[in-house]
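> Structure below; questions to follow.
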Amino acid sequence: MATTRQSALQNLRETKVWKSIFRRGPANTNRTRSLAVFGNLFLHWLPVKVREKSLRVRASYYLGSISFILFIVLFVTGILLMFYYHPATPHAYRDMKDLQFVVANGVFLRNLHRLAAHLMVFAVFWHMFHVFYRGGYKPPHEFNWVVGVVLLLVTLFLSYTGYLLPWDQLAFWAVTVGTNIISAMPVLGNKIRFLLLGGNIVGENALLRFYVLHVVILPLVAFLLIGIHFWRVQKDGGLTVKPKDDDGKG
Amino acid sequence: MSDAKHSSVTEARRRGQRENEVSRRDFLNEITLGALGIAGIGSVAVTYQFFSPNVLFEPPTTFRAGNPDLYPVHSVTFLQDQQVYIVRMPEGFYAVSAVCTHLGCVTQWKPDAEMIACPCHGSKFKSDGTKIEGPAPRPLPHFSISLTADGELLVDKLQSIKPAQVLKV
C-alpha cells in the first residue's frame, strides 16, 4: 500500500505539469532543501537555515507567528462578512443583526472576527514587549523594529475603524469620542476630523470612510509591511539570540 | 594637422564639461524631477479637495424652535434632533448646546438635581451651561437665539454668543 502510494507520487513527479511547477527535484539534501525554499514565492522570504535556539519556545513564544495567523483569520472571516454587510445607514446595523440571528453560521464568523481582532491587538502588544525586553530592537534590527511599531499602529487603526462598522450605540459613541480626541490636536485637529468623518458628525460618510479604510487601505498597508517585516528578519540574520542563550548546550 | 585639430576639439570638450557644471543628463534629470514634483504637489492638492465633501447631508444648523409660549418660565427643554437646550428663565430665553465640551457626548438635563450631566465621563453643568465639575474644559456654549417675523424662536448653532445675551420676549 505504502509502496503503491510512493510509486504513484513518483509517477506524479515525473509528469510534465509537475516538473513545470516544481523545477527542482526532491528536497533530499541541504542544497536541494535550500533551493526548494528559495524557489517558492511563499517561502523565499523565510530563512533557509535557522539556529536551533531561535526555534525554542522561550526565544519568541511564537508571538509574531501567532499575530500573523490571527491576521490571516481576520482576513478570511472579514472577506466572508463583507458578503452580508452594506456600509450604509440603516442597513449596517440590521446586517450586523442578520449576521447574528439569520445568516447560517453568521454568528460564528462575526464572533470569530471580533475575538481574533481582540486577540491580535493583545498578541501584537505582547510581541512588541517581548522583542523589547530581549533587546530585539538593537543593531542590526533597528529598521525592523520601526516597521514593527508601524505595524502595531496599523493593527490599532484596523481595530478602531472596525469598531464603527456594527453601527450600534457603542460604535457611535466610541467614534464620536475618538474623533473628538483628534480635534483636540492644535491647528490641524478639526480639519483632520472633518476629513476622517467626511463631515462634522459621525454619519453615513464616516461609516463609508471607516469601511474603506478597514477593508481596503489598512489591510493592504499591513500586508506590505508584514512582507517587509518577515523579509528583514531573514536579512538581519534571524531572531535575536541572547549571548547567554549561546551557552553551548544546544 | 587634422590630428592636432581633433585633439584640440576633444580638449575643449573636456574643458567645456569641466567648466559647465550642468551636463545634458543632469539638466534633463532636474527638469523631469521638477515636473514630477509639481505634478505630485498638484495631485496631493486635488486629492485633498476630493476628500473634503462640498455638500453635507447633515441636520440644518439653523432651526425654528416653535412659539415661545411652548416653554414655561423656569424650564429647560431638550431638543433631541438639534441637540440643544431651550432654557427659559424670568430674564428671558437662551439656547445652550447639549454637546459636552469634553469629547462630544450628548448631555442630559436632570430635573431633580437641576443640572446638566454627561453620561460619558461625568461632567456636570448648570442650566445656563456653566461648568460645575470636569473633565469638561469649557462651559457649554450659548447659541444665537432670536424671533422670526411671525414670532417663532430661531436658533443658529453656527453663531456662539456670550451667556449674558438673553432674548427677552
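FYI, nothing fancy with the C-alpha cells labels: chains A, B, ... in order, residues from 1 per chain, ligands from 1 as they appear.
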Report as a PDB file with C-alpha atoms, in the first residue's frame the set of chain A residues whose atoms approach chain B to within 6 Å, with distances computed over only C-alpha atoms.

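After the write, part24.pdb holds the following:
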```pdb
ATOM      1  CA  VAL A 177     -15.287  60.421  21.456  1.00  0.00           C
ATOM      2  CA  ASN A 180     -13.101  64.482  19.204  1.00  0.00           C
ATOM      3  CA  LEU A 195     -11.613  64.659   6.502  1.00  0.00           C
TER       4      LEU A 195
END
```
> What's the 6 Å shell around Ala117 in chain B, counting only C-alpha atoms, without same-chain residues fewer than 4 positions away, as an mmCIF file with C-alpha atoms, in the first residue's frame?

```cif
data_model
loop_
_atom_site.group_PDB
_atom_site.id
_atom_site.type_symbol
_atom_site.label_atom_id
_atom_site.label_comp_id
_atom_site.auth_asym_id
_atom_site.auth_seq_id
_atom_site.Cartn_x
_atom_site.Cartn_y
_atom_site.Cartn_z
ATOM 1 C CA THR B 107 -25.596 65.543 27.806
ATOM 2 C CA GLN B 108 -28.852 65.159 29.700
ATOM 3 C CA SER B 123 -19.070 66.308 33.549
ATOM 4 C CA LYS B 124 -21.746 68.453 35.206
#
```
> Choose the residue, out of A:Pro90, A:Pro47, A:Gly135, A:Gly64, that has the smallest atom-to-atom separation from Glu204 in chain A; count only C-alpha atoms.
A:Pro90
> I'd like the contact shell of Met115 in chain B - 12 Å cut-off, only C-alpha atoms, skipping same-chain residues fewer than 2 positions apart - returned as a list in words.
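That gives Ser75, Val76, Tyr85, Ala98, Thr107, Gln108, Trp109, Lys110, Pro111, Asp112, Ala113, Ala117, Cys118, Gly122, Ser123, Lys124, Phe125, Lys126, Ser127, Asp128, Gly129, Thr130, Lys131, Ile132 and Glu133 of chain B.
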> Kindly export the residues of the current selection with N, CA and C atoms, as a PDB file, in the first residue's frame.

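Heads up, here's the output in again30.pdb:
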```
ATOM      1  N   SER B  75     -37.868  76.713  32.854  1.00  0.00           N
ATOM      2  CA  SER B  75     -37.856  75.369  32.270  1.00  0.00           C
ATOM      3  C   SER B  75     -36.610  75.170  31.414  1.00  0.00           C
ATOM      4  N   VAL B  76     -36.173  73.926  31.342  1.00  0.00           N
ATOM      5  CA  VAL B  76     -35.088  73.522  30.448  1.00  0.00           C
ATOM      6  C   VAL B  76     -35.650  72.440  29.546  1.00  0.00           C
ATOM      7  N   TYR B  85     -30.506  72.754  24.298  1.00  0.00           N
ATOM      8  CA  TYR B  85     -31.481  73.027  25.353  1.00  0.00           C
ATOM      9  C   TYR B  85     -32.037  74.416  25.125  1.00  0.00           C
ATOM     10  N   ALA B  98     -26.149  71.089  23.806  1.00  0.00           N
ATOM     11  CA  ALA B  98     -26.254  69.880  24.632  1.00  0.00           C
ATOM     12  C   ALA B  98     -25.053  68.961  24.420  1.00  0.00           C
ATOM     13  N   THR B 107     -25.308  65.486  26.366  1.00  0.00           N
ATOM     14  CA  THR B 107     -25.596  65.543  27.806  1.00  0.00           C
ATOM     15  C   THR B 107     -27.093  65.404  28.050  1.00  0.00           C
ATOM     16  N   GLN B 108     -27.455  65.347  29.332  1.00  0.00           N
ATOM     17  CA  GLN B 108     -28.852  65.159  29.700  1.00  0.00           C
ATOM     18  C   GLN B 108     -29.220  66.107  30.837  1.00  0.00           C
ATOM     19  N   TRP B 109     -30.411  66.702  30.758  1.00  0.00           N
ATOM     20  CA  TRP B 109     -30.895  67.576  31.830  1.00  0.00           C
ATOM     21  C   TRP B 109     -31.513  66.718  32.933  1.00  0.00           C
ATOM     22  N   LYS B 110     -31.008  66.881  34.164  1.00  0.00           N
ATOM     23  CA  LYS B 110     -31.552  66.123  35.303  1.00  0.00           C
ATOM     24  C   LYS B 110     -32.394  67.062  36.138  1.00  0.00           C
ATOM     25  N   PRO B 111     -33.745  67.008  35.986  1.00  0.00           N
ATOM     26  CA  PRO B 111     -34.604  67.992  36.669  1.00  0.00           C
ATOM     27  C   PRO B 111     -34.493  67.912  38.192  1.00  0.00           C
ATOM     28  N   ASP B 112     -34.315  66.696  38.743  1.00  0.00           N
ATOM     29  CA  ASP B 112     -34.263  66.553  40.197  1.00  0.00           C
ATOM     30  C   ASP B 112     -33.038  67.242  40.782  1.00  0.00           C
ATOM     31  N   ALA B 113     -31.900  67.043  40.126  1.00  0.00           N
ATOM     32  CA  ALA B 113     -30.663  67.632  40.631  1.00  0.00           C
ATOM     33  C   ALA B 113     -30.457  69.039  40.076  1.00  0.00           C
ATOM     34  N   ALA B 117     -25.979  66.773  32.970  1.00  0.00           N
ATOM     35  CA  ALA B 117     -24.928  65.790  33.249  1.00  0.00           C
ATOM     36  C   ALA B 117     -24.561  65.050  31.977  1.00  0.00           C
ATOM     37  N   CYS B 118     -23.255  64.728  31.855  1.00  0.00           N
ATOM     38  CA  CYS B 118     -22.784  63.988  30.689  1.00  0.00           C
ATOM     39  C   CYS B 118     -22.619  62.509  31.065  1.00  0.00           C
ATOM     40  N   GLY B 122     -18.900  62.010  33.087  1.00  0.00           N
ATOM     41  CA  GLY B 122     -19.368  62.578  34.334  1.00  0.00           C
ATOM     42  C   GLY B 122     -19.227  64.081  34.504  1.00  0.00           C
ATOM     43  N   SER B 123     -19.100  64.852  33.405  1.00  0.00           N
ATOM     44  CA  SER B 123     -19.070  66.308  33.549  1.00  0.00           C
ATOM     45  C   SER B 123     -20.448  66.797  33.965  1.00  0.00           C
ATOM     46  N   LYS B 124     -20.472  67.901  34.742  1.00  0.00           N
ATOM     47  CA  LYS B 124     -21.746  68.453  35.206  1.00  0.00           C
ATOM     48  C   LYS B 124     -21.781  69.947  34.931  1.00  0.00           C
ATOM     49  N   PHE B 125     -22.961  70.442  34.530  1.00  0.00           N
ATOM     50  CA  PHE B 125     -23.128  71.857  34.200  1.00  0.00           C
ATOM     51  C   PHE B 125     -24.416  72.376  34.836  1.00  0.00           C
ATOM     52  N   LYS B 126     -24.464  73.708  35.044  1.00  0.00           N
ATOM     53  CA  LYS B 126     -25.731  74.336  35.449  1.00  0.00           C
ATOM     54  C   LYS B 126     -26.591  74.524  34.210  1.00  0.00           C
ATOM     55  N   SER B 127     -27.850  74.924  34.436  1.00  0.00           N
ATOM     56  CA  SER B 127     -28.762  75.056  33.292  1.00  0.00           C
ATOM     57  C   SER B 127     -28.324  76.170  32.340  1.00  0.00           C
ATOM     58  N   ASP B 128     -27.502  77.115  32.825  1.00  0.00           N
ATOM     59  CA  ASP B 128     -27.016  78.153  31.903  1.00  0.00           C
ATOM     60  C   ASP B 128     -25.697  77.736  31.253  1.00  0.00           C
ATOM     61  N   GLY B 129     -25.274  76.506  31.419  1.00  0.00           N
ATOM     62  CA  GLY B 129     -24.081  75.996  30.739  1.00  0.00           C
ATOM     63  C   GLY B 129     -22.803  76.112  31.536  1.00  0.00           C
ATOM     64  N   THR B 130     -22.808  76.842  32.653  1.00  0.00           N
ATOM     65  CA  THR B 130     -21.559  76.981  33.419  1.00  0.00           C
ATOM     66  C   THR B 130     -21.164  75.640  34.023  1.00  0.00           C
ATOM     67  N   LYS B 131     -19.862  75.428  34.070  1.00  0.00           N
ATOM     68  CA  LYS B 131     -19.337  74.127  34.480  1.00  0.00           C
ATOM     69  C   LYS B 131     -19.382  73.992  36.001  1.00  0.00           C
ATOM     70  N   ILE B 132     -19.923  72.868  36.476  1.00  0.00           N
ATOM     71  CA  ILE B 132     -19.873  72.561  37.905  1.00  0.00           C
ATOM     72  C   ILE B 132     -18.677  71.656  38.168  1.00  0.00           C
ATOM     73  N   GLU B 133     -18.495  70.688  37.287  1.00  0.00           N
ATOM     74  CA  GLU B 133     -17.494  69.663  37.536  1.00  0.00           C
ATOM     75  C   GLU B 133     -16.935  69.174  36.197  1.00  0.00           C
TER      76      GLU B 133
END
```
> Please indicate the distance in Å from CA of Ala45 in chain B to CA of Ala206 in chain A, rounded to one decimal place.
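Result for CA of Ala45 in chain B versus CA of Ala206 in chain A: 21.3 Å, one decimal.
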> Would you compute the distance between CA of Phe78 in chain B and CA of Ala174 in chain A? Give it in Å to one decimal.
22.7 Å
> What lies within 10 Å of Asn205 in chain A using only C-alpha atoms, ignoring chain neighbours under 3 positions off, as a list in words?
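Residues near the query, excluding close chain neighbours: Pro87, Ala88, Thr89, Leu195, Leu196, Leu197, Gly198, Gly199, Asn200, Ile201, Val202, Leu208, Arg209, Phe210 and Tyr211 of chain A; Pro53, Leu56 and Phe57 of chain B.
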> For the selection just defined, write its residues with C-alpha atoms to a file, as a compact mmCIF listing (two decimals), in the first residue's frame.

```txt
# COMPACT_ATOMS: atom_id res chain seq x y z
CA PRO A 87 -21.69 50.09 4.73
CA ALA A 88 -24.71 52.42 4.79
CA THR A 89 -27.43 53.56 7.17
CA LEU A 195 -11.61 64.66 6.50
CA LEU A 196 -11.80 61.42 8.51
CA LEU A 197 -15.57 61.71 9.08
CA GLY A 198 -16.38 63.28 5.72
CA GLY A 199 -18.45 65.85 7.63
CA ASN A 200 -18.99 67.36 11.05
CA ILE A 201 -20.93 64.49 12.61
CA VAL A 202 -20.50 60.71 12.73
CA LEU A 208 -18.27 54.58 4.47
CA ARG A 209 -14.83 56.13 5.05
CA PHE A 210 -14.11 53.87 8.01
CA TYR A 211 -15.31 50.90 5.95
CA PRO B 53 -17.19 66.98 0.75
CA LEU B 56 -23.25 67.59 3.51
CA PHE B 57 -26.48 65.81 4.33
```
> Can you pull out the residues contacting range 112-128 of chain A? Cut-off 10 Å, using only C-alpha atoms, and skip same-chain residues under 3 positions away; I want them as an MDAnalysis selection string.
chainID A and resid 60:78 80:81 106:109 131:134 136:137 145 148:149 151:153 155:156 158:159 162:163
> Could you dump the residues just selected with N, CA and C atoms as a short mmCIF file (atom, residue, chain, number, x, y, z; two decimals), in the first residue's frame?

```
data_model
loop_
_atom_site.label_atom_id
_atom_site.label_comp_id
_atom_site.auth_asym_id
_atom_site.auth_seq_id
_atom_site.Cartn_x
_atom_site.Cartn_y
_atom_site.Cartn_z
N SER A 60 10.88 33.18 21.34
CA SER A 60 9.93 34.11 20.72
C SER A 60 8.52 33.94 21.25
N TYR A 61 8.22 32.82 21.92
CA TYR A 61 6.85 32.41 22.25
C TYR A 61 5.97 32.40 21.00
N TYR A 62 6.61 32.40 19.81
CA TYR A 62 5.91 32.37 18.52
C TYR A 62 4.90 33.51 18.41
N LEU A 63 5.19 34.64 19.09
CA LEU A 63 4.19 35.71 19.14
C LEU A 63 3.98 36.36 17.78
N GLY A 64 5.08 36.51 17.00
CA GLY A 64 4.94 37.08 15.66
C GLY A 64 4.11 36.16 14.79
N SER A 65 4.39 34.87 14.86
CA SER A 65 3.63 33.90 14.06
C SER A 65 2.17 33.90 14.47
N ILE A 66 1.93 33.96 15.79
CA ILE A 66 0.54 33.97 16.27
C ILE A 66 -0.19 35.21 15.75
N SER A 67 0.50 36.37 15.80
CA SER A 67 -0.12 37.60 15.28
C SER A 67 -0.45 37.43 13.80
N PHE A 68 0.47 36.84 13.04
CA PHE A 68 0.25 36.69 11.60
C PHE A 68 -0.91 35.73 11.33
N ILE A 69 -0.97 34.61 12.08
CA ILE A 69 -2.06 33.66 11.89
C ILE A 69 -3.39 34.33 12.20
N LEU A 70 -3.42 35.15 13.27
CA LEU A 70 -4.65 35.88 13.60
C LEU A 70 -5.02 36.85 12.48
N PHE A 71 -4.01 37.48 11.88
CA PHE A 71 -4.26 38.40 10.76
C PHE A 71 -4.91 37.64 9.60
N ILE A 72 -4.40 36.42 9.32
CA ILE A 72 -4.98 35.63 8.23
C ILE A 72 -6.42 35.23 8.56
N VAL A 73 -6.66 34.84 9.84
CA VAL A 73 -8.03 34.50 10.27
C VAL A 73 -8.95 35.71 10.05
N LEU A 74 -8.46 36.91 10.43
CA LEU A 74 -9.26 38.13 10.28
C LEU A 74 -9.51 38.44 8.82
N PHE A 75 -8.49 38.20 7.99
CA PHE A 75 -8.60 38.45 6.55
C PHE A 75 -9.70 37.57 5.95
N VAL A 76 -9.68 36.27 6.28
CA VAL A 76 -10.64 35.33 5.70
C VAL A 76 -12.05 35.61 6.24
N THR A 77 -12.19 35.72 7.58
CA THR A 77 -13.53 35.95 8.13
C THR A 77 -14.06 37.32 7.70
N GLY A 78 -13.18 38.30 7.59
CA GLY A 78 -13.61 39.64 7.17
C GLY A 78 -14.17 39.63 5.76
N LEU A 80 -15.53 37.10 4.27
CA LEU A 80 -16.83 36.41 4.31
C LEU A 80 -17.92 37.33 4.86
N LEU A 81 -17.60 38.11 5.90
CA LEU A 81 -18.60 39.03 6.47
C LEU A 81 -19.04 40.07 5.45
N GLY A 106 -23.47 32.73 10.67
CA GLY A 106 -23.03 34.13 10.68
C GLY A 106 -22.51 34.55 12.04
N VAL A 107 -23.18 34.09 13.09
CA VAL A 107 -22.76 34.50 14.43
C VAL A 107 -21.38 33.93 14.75
N PHE A 108 -21.10 32.73 14.20
CA PHE A 108 -19.77 32.13 14.41
C PHE A 108 -18.70 32.99 13.74
N LEU A 109 -18.96 33.38 12.47
CA LEU A 109 -17.98 34.18 11.74
C LEU A 109 -17.76 35.53 12.40
N VAL A 131 9.93 41.46 22.28
CA VAL A 131 11.08 41.86 21.47
C VAL A 131 11.88 42.94 22.22
N PHE A 132 11.16 43.86 22.85
CA PHE A 132 11.84 44.95 23.56
C PHE A 132 12.69 44.40 24.70
N TYR A 133 12.10 43.54 25.52
CA TYR A 133 12.85 43.05 26.69
C TYR A 133 13.97 42.11 26.30
N ARG A 134 13.92 41.51 25.11
CA ARG A 134 15.04 40.70 24.64
C ARG A 134 16.07 41.53 23.91
N GLY A 136 15.61 43.08 21.07
CA GLY A 136 15.49 42.81 19.65
C GLY A 136 15.49 44.04 18.78
N TYR A 137 15.47 45.24 19.41
CA TYR A 137 15.48 46.50 18.65
C TYR A 137 16.90 46.96 18.34
N TRP A 145 12.52 46.99 13.79
CA TRP A 145 11.80 47.44 14.99
C TRP A 145 10.83 48.55 14.62
N GLY A 148 7.96 47.28 12.79
CA GLY A 148 7.07 46.62 13.75
C GLY A 148 6.20 47.61 14.49
N VAL A 149 6.78 48.76 14.88
CA VAL A 149 5.98 49.77 15.58
C VAL A 149 4.88 50.30 14.66
N LEU A 151 3.52 48.62 12.27
CA LEU A 151 2.54 47.54 12.19
C LEU A 151 1.62 47.53 13.42
N LEU A 152 2.17 47.85 14.58
CA LEU A 152 1.34 47.96 15.79
C LEU A 152 0.29 49.05 15.60
N LEU A 153 0.73 50.21 15.06
CA LEU A 153 -0.22 51.31 14.83
C LEU A 153 -1.28 50.91 13.81
N THR A 155 -2.35 47.92 13.23
CA THR A 155 -3.25 47.00 13.94
C THR A 155 -4.28 47.78 14.75
N LEU A 156 -3.82 48.82 15.46
CA LEU A 156 -4.74 49.61 16.28
C LEU A 156 -5.74 50.37 15.41
N LEU A 158 -6.77 49.45 12.43
CA LEU A 158 -7.70 48.45 11.91
C LEU A 158 -8.76 48.14 12.97
N SER A 159 -8.32 48.00 14.19
CA SER A 159 -9.23 47.69 15.28
C SER A 159 -10.23 48.83 15.47
N GLY A 162 -12.72 49.17 12.52
CA GLY A 162 -13.69 48.09 12.58
C GLY A 162 -14.72 48.28 13.67
N TYR A 163 -14.36 49.05 14.68
CA TYR A 163 -15.23 49.31 15.83
C TYR A 163 -16.52 50.02 15.41
#
```
> Can you tell me how far CA of Val99 in chain B sits from CA of Leu140 in chain B, in Å to one decimal?
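Separation between CA of Val99 in chain B and CA of Leu140 in chain B: 7.5 Å.
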